[in-house]
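As structure tokens, the structure follows; a few thoughts come after it.
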Amino acid sequence: MTMHATRRALMSAALTAPLWANWAARAAAQERDADAIIYNGRLITMDDAQGPAMPRATAMAIKAGRIMAVGDDSVRGLAGKATRLIDLKGACVVPGFIDCHNHPIGDVLLYETLVGNPYEVEFVTIQSIIDKLRAKAAATPAGYWVDGYFHDDTKLKDGRQLTVDDLDKISTTHPVMVRHRGGHTVFVNSFALKLAGVTKDTPNPPGGTFDRLPDGRLSGRITDNAIDLVEERGQRPVLDAAEKAKRARAGMAHISGAFSRYGLTTVHHQGGDLAAIQDVRAAGQLTHRVSYEARGAFLDQMVAGGLKTGFGDDWIRLGATAEHTADGSFSERTMALSTPYAGRTPAYYGNVTEPQDVLDAWVEKIVRAGIQPNIHANGDVAIDMALTAFERAEAKLAVKDLRPKITHCTLVNEGLLKRMAALGAVPAPFTSYAYYNSDKFGFYGADRMAHAMAFRDFLDHGIKVCAGSDFFPGPFAPLMGIQGMVTRTGWNGETWGANQKVSVLEAIRINTLHGAWAAKEEAIKGSLTAGKLADYVVLADDPTAIAPDKIKDIKIIETVVDGRSQYRLS
Ligand SMILES: [Zn+2]
């Protein structure tokens, strides 16, 4: 403690000394009284004890970061002299939204060149991408990478794909890479291909492709396992440790604020800088709770050091593993399918990125270590592989309540659904995609889309499906997700897989209570229930009462975590 702080502490002790006489009475009152009471609201509690039909209340008392009571406005009886009474004036309150799959790349949002909109549907021109990256190239030494982030190939006003010819206009002395926000495809210029020694005669590596133009030249589009072969060449600025740490902290604080603006109170992070998350929390800038999903060296250290799923506290806890990739991408059309993609010669079935025996061994190692496994599987072939690995580990190790997570779990069938239900598997399908990516679904067609992002099927099979925005590939706005799950209609007015619609209450449940379940946190999160953490969102309108196509535009008035306001609409 510094001298200054010591003096301050002594002074404040002196100021409160006269009150000590009343200390016992005050303490007793404080123990009884709520810190805050919200009332005159429309609370959608999601509390199963109230029954699923009408999980409603009008008031809630909060004490020490927890929910003290939920009910009608008689809850106001818990108020004491110091209790804050907050009139909601009819606003709607839902449990804090939980995003079970998110890559929180706040540092990219802050420090890199963004060629698309991370949060909303927005169309850009190829020329705007060229202009932004030309400016970046002008400030970058020759030979160093010029990268563009958040590209979406179906959000181009030009109505065609980027090509190597477009990117050659940016630079012929820098390698240029435009990264699709989906994370499984990139677009590069001729200089980047040359650096990597890739020519039109280079064979595709297993689980990846160098795509061609109709005239046989390389198009510059590269998918999945082929990306590394190009990305590892060229130079990138080397940041020193202090700069890296600074950026990681600034990025985490930045994205935490964005999560709160959109109503997220818990986010499952795919890896990232755990030290930065702790630093940002210590600085009072972490406004959401983190379920940290480890990968790589840190996951290895968890296995070696005996750190299991659940270690941590209510703000930062080790969750499942990060997604362990078994196949390619849904939005970028590289997921592993049992039937071939349309219009490709030779027949293309997508990319399986790991053989079954390797996947089996990985799952067994993770489950043995007491860690919840999590596999990225989009196509039916990959989901089958993930389930096979889980079933094998469960039988061999006789584990209980494993809740193996399947990230995305996009294209299912009856057989896969039955196996998931039997296993208690937790799928985390795309949520915002139904609205945001409706421009990509024609590629798959109506038959496949009737079984994709199959929220209705999951619920009907008793599977506790949760929400996985997959930011950065998908926007993370939970209300955009809920609108898409309820309407299955996208920004362009197209409806895909209408048979998979769920009700508004079901969609909220998927985004709250089921999210808590996915991380084994259902005892403390996911519903407005006495004893649970006081994490909730105040909405200007009731999503169950508004036109379904207006849900995404409902204003978030306030986001509360731990009983404290983390965001308030100004
Ligand atoms: Zn992901």
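As shown in the structure tokens, the chain order sets the letters A, B, ...; within each chain, residues go from 1, and ligands are also counted from 1 in the order they appear.
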Counting only C-alpha atoms and all ligand atoms, give me one row per residue of chain A with an atom at most 8 Å from an atom of ligand 1, showing the shortest contact pair and its distance in Å to one decimal, sorted by chain then residue number, as a tab-separated table.
```
residue	atom	partner	partner_atom_place_in_ligand_line	distance
A:His101	CA	ligand 1	1 (Zn)	6.3
A:Asn102	CA	ligand 1	1 (Zn)	6.4
A:His103	CA	ligand 1	1 (Zn)	6.4
A:Gln270	CA	ligand 1	1 (Zn)	7.0
A:Glu323	CA	ligand 1	1 (Zn)	6.5
A:His376	CA	ligand 1	1 (Zn)	7.2
A:Thr407	CA	ligand 1	1 (Zn)	7.3
A:His408	CA	ligand 1	1 (Zn)	7.9
A:Asp470	CA	ligand 1	1 (Zn)	5.0
A:Phe471	CA	ligand 1	1 (Zn)	7.3
A:Phe472	CA	ligand 1	1 (Zn)	7.9
A:Pro473	CA	ligand 1	1 (Zn)	7.5
```
Only N, CA and C atoms, please: the residues just picked out, written as a PDB file, in the first residue's frame.
```
ATOM      1  N   HIS A 101     -19.973 -19.786 -28.960  1.00  0.00           N
ATOM      2  CA  HIS A 101     -18.838 -19.976 -29.887  1.00  0.00           C
ATOM      3  C   HIS A 101     -18.442 -18.639 -30.488  1.00  0.00           C
ATOM      4  N   ASN A 102     -17.316 -18.131 -30.069  1.00  0.00           N
ATOM      5  CA  ASN A 102     -16.924 -16.778 -30.481  1.00  0.00           C
ATOM      6  C   ASN A 102     -15.401 -16.667 -30.505  1.00  0.00           C
ATOM      7  N   HIS A 103     -14.908 -16.083 -31.577  1.00  0.00           N
ATOM      8  CA  HIS A 103     -13.472 -15.774 -31.681  1.00  0.00           C
ATOM      9  C   HIS A 103     -13.339 -14.271 -31.412  1.00  0.00           C
ATOM     10  N   GLN A 270     -12.897 -18.719 -28.048  1.00  0.00           N
ATOM     11  CA  GLN A 270     -12.023 -19.697 -28.698  1.00  0.00           C
ATOM     12  C   GLN A 270     -10.588 -19.253 -28.491  1.00  0.00           C
ATOM     13  N   GLU A 323     -12.706 -25.300 -30.427  1.00  0.00           N
ATOM     14  CA  GLU A 323     -13.147 -26.208 -31.494  1.00  0.00           C
ATOM     15  C   GLU A 323     -11.932 -26.918 -32.101  1.00  0.00           C
ATOM     16  N   HIS A 376     -15.224 -29.028 -34.040  1.00  0.00           N
ATOM     17  CA  HIS A 376     -15.832 -28.276 -35.146  1.00  0.00           C
ATOM     18  C   HIS A 376     -16.202 -29.276 -36.234  1.00  0.00           C
ATOM     19  N   THR A 407     -19.302 -27.962 -32.303  1.00  0.00           N
ATOM     20  CA  THR A 407     -19.394 -26.595 -32.792  1.00  0.00           C
ATOM     21  C   THR A 407     -19.889 -26.600 -34.235  1.00  0.00           C
ATOM     22  N   HIS A 408     -20.874 -25.784 -34.510  1.00  0.00           N
ATOM     23  CA  HIS A 408     -21.573 -25.619 -35.792  1.00  0.00           C
ATOM     24  C   HIS A 408     -22.627 -26.716 -36.013  1.00  0.00           C
ATOM     25  N   ASP A 470     -20.249 -17.843 -33.838  1.00  0.00           N
ATOM     26  CA  ASP A 470     -19.009 -17.988 -34.597  1.00  0.00           C
ATOM     27  C   ASP A 470     -18.501 -16.640 -35.088  1.00  0.00           C
ATOM     28  N   PHE A 471     -18.679 -15.583 -34.284  1.00  0.00           N
ATOM     29  CA  PHE A 471     -17.934 -14.375 -34.629  1.00  0.00           C
ATOM     30  C   PHE A 471     -16.457 -14.777 -34.666  1.00  0.00           C
ATOM     31  N   PHE A 472     -15.638 -14.451 -35.633  1.00  0.00           N
ATOM     32  CA  PHE A 472     -15.837 -13.432 -36.609  1.00  0.00           C
ATOM     33  C   PHE A 472     -16.552 -13.860 -37.881  1.00  0.00           C
ATOM     34  N   PRO A 473     -16.673 -15.180 -38.187  1.00  0.00           N
ATOM     35  CA  PRO A 473     -17.465 -15.510 -39.375  1.00  0.00           C
ATOM     36  C   PRO A 473     -18.890 -14.949 -39.342  1.00  0.00           C
TER      37      PRO A 473
END
```
Exercise for the section: List every residue of stretch 265-442 of chain A that DSSP, applied to the backbone, labels as helix (DSSP H, G or I), and write the result as a ChimeraX atom specification. Expected result: /A:274-282,296-305,356-368,380-397,414-423,433-436,438-442
Problem - Spatial neighbours of A:Gln356, max dist 10 Å, only C-alpha atoms, sep filter under 2 positions, as an MDAnalysis selection string - result: chainID A and resid 326 352:354 358:362 382 384:386 388:389
Please identify every residue of stretch 94-131 of chain A that has at least one atom no farther than 10 Å from an atom of stretch 416-435 of chain A, counting only C-alpha atoms, and for each give the shortest atom pair and the distance in Å to one decimal, arranged by chain then increasing number, as a Markdown table.
```
| residue | atom | partner | partner_atom | distance |
| --- | --- | --- | --- | --- |
| A:Asp99 | CA | A:Ala428 | CA | 9.0 |
| A:Cys100 | CA | A:Ala428 | CA | 6.5 |
| A:His101 | CA | A:Ala428 | CA | 7.0 |
| A:Glu120 | CA | A:Ser432 | CA | 9.9 |
| A:Val121 | CA | A:Tyr435 | CA | 8.9 |
```
With all heavy atoms retained, write the just-selected residues as a PDB file, in the first residue's frame.
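Below is the file that was written, part33.pdb:
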```pdb
ATOM      1  N   ASP A  99     -23.261 -16.543 -25.713  1.00  0.00           N
ATOM      2  CA  ASP A  99     -22.755 -16.949 -27.026  1.00  0.00           C
ATOM      3  C   ASP A  99     -21.732 -18.052 -26.807  1.00  0.00           C
ATOM      4  O   ASP A  99     -20.679 -17.822 -26.216  1.00  0.00           O
ATOM      5  CB  ASP A  99     -22.107 -15.750 -27.729  1.00  0.00           C
ATOM      6  CG  ASP A  99     -21.673 -16.078 -29.150  1.00  0.00           C
ATOM      7  OD1 ASP A  99     -21.684 -17.265 -29.535  1.00  0.00           O
ATOM      8  OD2 ASP A  99     -21.297 -15.126 -29.882  1.00  0.00           O
ATOM      9  N   CYS A 100     -22.058 -19.257 -27.284  1.00  0.00           N
ATOM     10  CA  CYS A 100     -21.224 -20.422 -26.986  1.00  0.00           C
ATOM     11  C   CYS A 100     -20.145 -20.700 -28.022  1.00  0.00           C
ATOM     12  O   CYS A 100     -19.501 -21.761 -27.968  1.00  0.00           O
ATOM     13  CB  CYS A 100     -22.106 -21.647 -26.810  1.00  0.00           C
ATOM     14  SG  CYS A 100     -23.172 -21.511 -25.366  1.00  0.00           S
ATOM     15  N   HIS A 101     -19.973 -19.786 -28.960  1.00  0.00           N
ATOM     16  CA  HIS A 101     -18.838 -19.976 -29.887  1.00  0.00           C
ATOM     17  C   HIS A 101     -18.442 -18.639 -30.488  1.00  0.00           C
ATOM     18  O   HIS A 101     -19.133 -18.109 -31.354  1.00  0.00           O
ATOM     19  CB  HIS A 101     -19.170 -20.972 -30.990  1.00  0.00           C
ATOM     20  CG  HIS A 101     -17.972 -21.308 -31.825  1.00  0.00           C
ATOM     21  ND1 HIS A 101     -16.924 -22.060 -31.339  1.00  0.00           N
ATOM     22  CD2 HIS A 101     -17.610 -20.950 -33.079  1.00  0.00           C
ATOM     23  CE1 HIS A 101     -15.989 -22.160 -32.262  1.00  0.00           C
ATOM     24  NE2 HIS A 101     -16.373 -21.494 -33.343  1.00  0.00           N
ATOM     25  N   GLU A 120     -22.849  -6.097 -39.005  1.00  0.00           N
ATOM     26  CA  GLU A 120     -24.140  -5.973 -39.694  1.00  0.00           C
ATOM     27  C   GLU A 120     -23.997  -6.362 -41.164  1.00  0.00           C
ATOM     28  O   GLU A 120     -22.888  -6.427 -41.689  1.00  0.00           O
ATOM     29  CB  GLU A 120     -24.629  -4.510 -39.642  1.00  0.00           C
ATOM     30  CG  GLU A 120     -24.634  -3.868 -38.265  1.00  0.00           C
ATOM     31  CD  GLU A 120     -25.757  -4.357 -37.354  1.00  0.00           C
ATOM     32  OE1 GLU A 120     -26.699  -4.991 -37.876  1.00  0.00           O
ATOM     33  OE2 GLU A 120     -25.688  -4.105 -36.137  1.00  0.00           O
ATOM     34  N   VAL A 121     -25.144  -6.554 -41.820  1.00  0.00           N
ATOM     35  CA  VAL A 121     -25.139  -6.774 -43.269  1.00  0.00           C
ATOM     36  C   VAL A 121     -24.807  -5.457 -43.958  1.00  0.00           C
ATOM     37  O   VAL A 121     -25.509  -4.459 -43.776  1.00  0.00           O
ATOM     38  CB  VAL A 121     -26.520  -7.271 -43.753  1.00  0.00           C
ATOM     39  CG1 VAL A 121     -26.562  -7.317 -45.281  1.00  0.00           C
ATOM     40  CG2 VAL A 121     -26.839  -8.641 -43.169  1.00  0.00           C
TER      41      VAL A 121
END
```
For stretch 105-193 of chain A against stretch 239-260 of chain A, with a cut-off of 10 Å and counting only C-alpha atoms, what is the closest atom pair and its distance in Å to one decimal for every residue that makes the cut, ordered by chain and number, as a Markdown table?
```
| residue | atom | partner | partner_atom | distance |
| --- | --- | --- | --- | --- |
| A:Ile105 | CA | A:Gly251 | CA | 7.0 |
| A:Gly106 | CA | A:Gly251 | CA | 3.9 |
| A:Asp107 | CA | A:Gly251 | CA | 4.0 |
| A:Val108 | CA | A:Gly251 | CA | 7.4 |
| A:Leu109 | CA | A:Gly251 | CA | 7.4 |
| A:Leu110 | CA | A:Gly251 | CA | 6.4 |
| A:Tyr111 | CA | A:Arg247 | CA | 8.0 |
| A:Tyr119 | CA | A:Ala258 | CA | 9.7 |
```
Practice task
Using DSSP on the backbone coordinates, identify the residues of stretch 417-511 of chain A assigned to strand (DSSP E or B); present them as a ChimeraX atom specification.
Solution key: /A:426-428,452,471,489,495
Practice task
Quick one: pull the distance between atom CA of A:Cys466 and atom CA of A:Thr512, Å, one decimal.
Solution key: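 Between atom CA of A:Cys466 and atom CA of A:Thr512 the gap is 8.0 Å.
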Practice task
Please identify all polymer residues within 6 Å of stretch 141-157 of chain A, counting only C-alpha atoms, omitting same-chain residues fewer than 6 positions from it, and present them as an NGL selection string.
Solution key: :A and (113-116 or 123-125 or 173-181 or 234-236)
Exercise for the section: List the neighbours of stretch 525-532 of chain A out to 6 Å using only C-alpha atoms; skip same-chain residues closer than 3 positions along the sequence, and give me the result as an MDAnalysis selection string. Expected result: chainID A and resid 45:47 66:69 95 512:513 516 521:522
Problem - Residues near stretch 482-498 of chain A, cut-off 8 Å, only C-alpha atoms, skip fewer than 3 positions along chain, as a PyMOL selection string - result: chain A and resi 121+431-439+441+446+449-452+455+478-479+501-504+507-508+511+548-552
Problem - Coordinates-based distance that separates atom CA of A:Trp517 from atom CA of A:Lys405 (Å, one decimal) - result: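 Rounded to one decimal, the two atoms are 10.9 Å apart.
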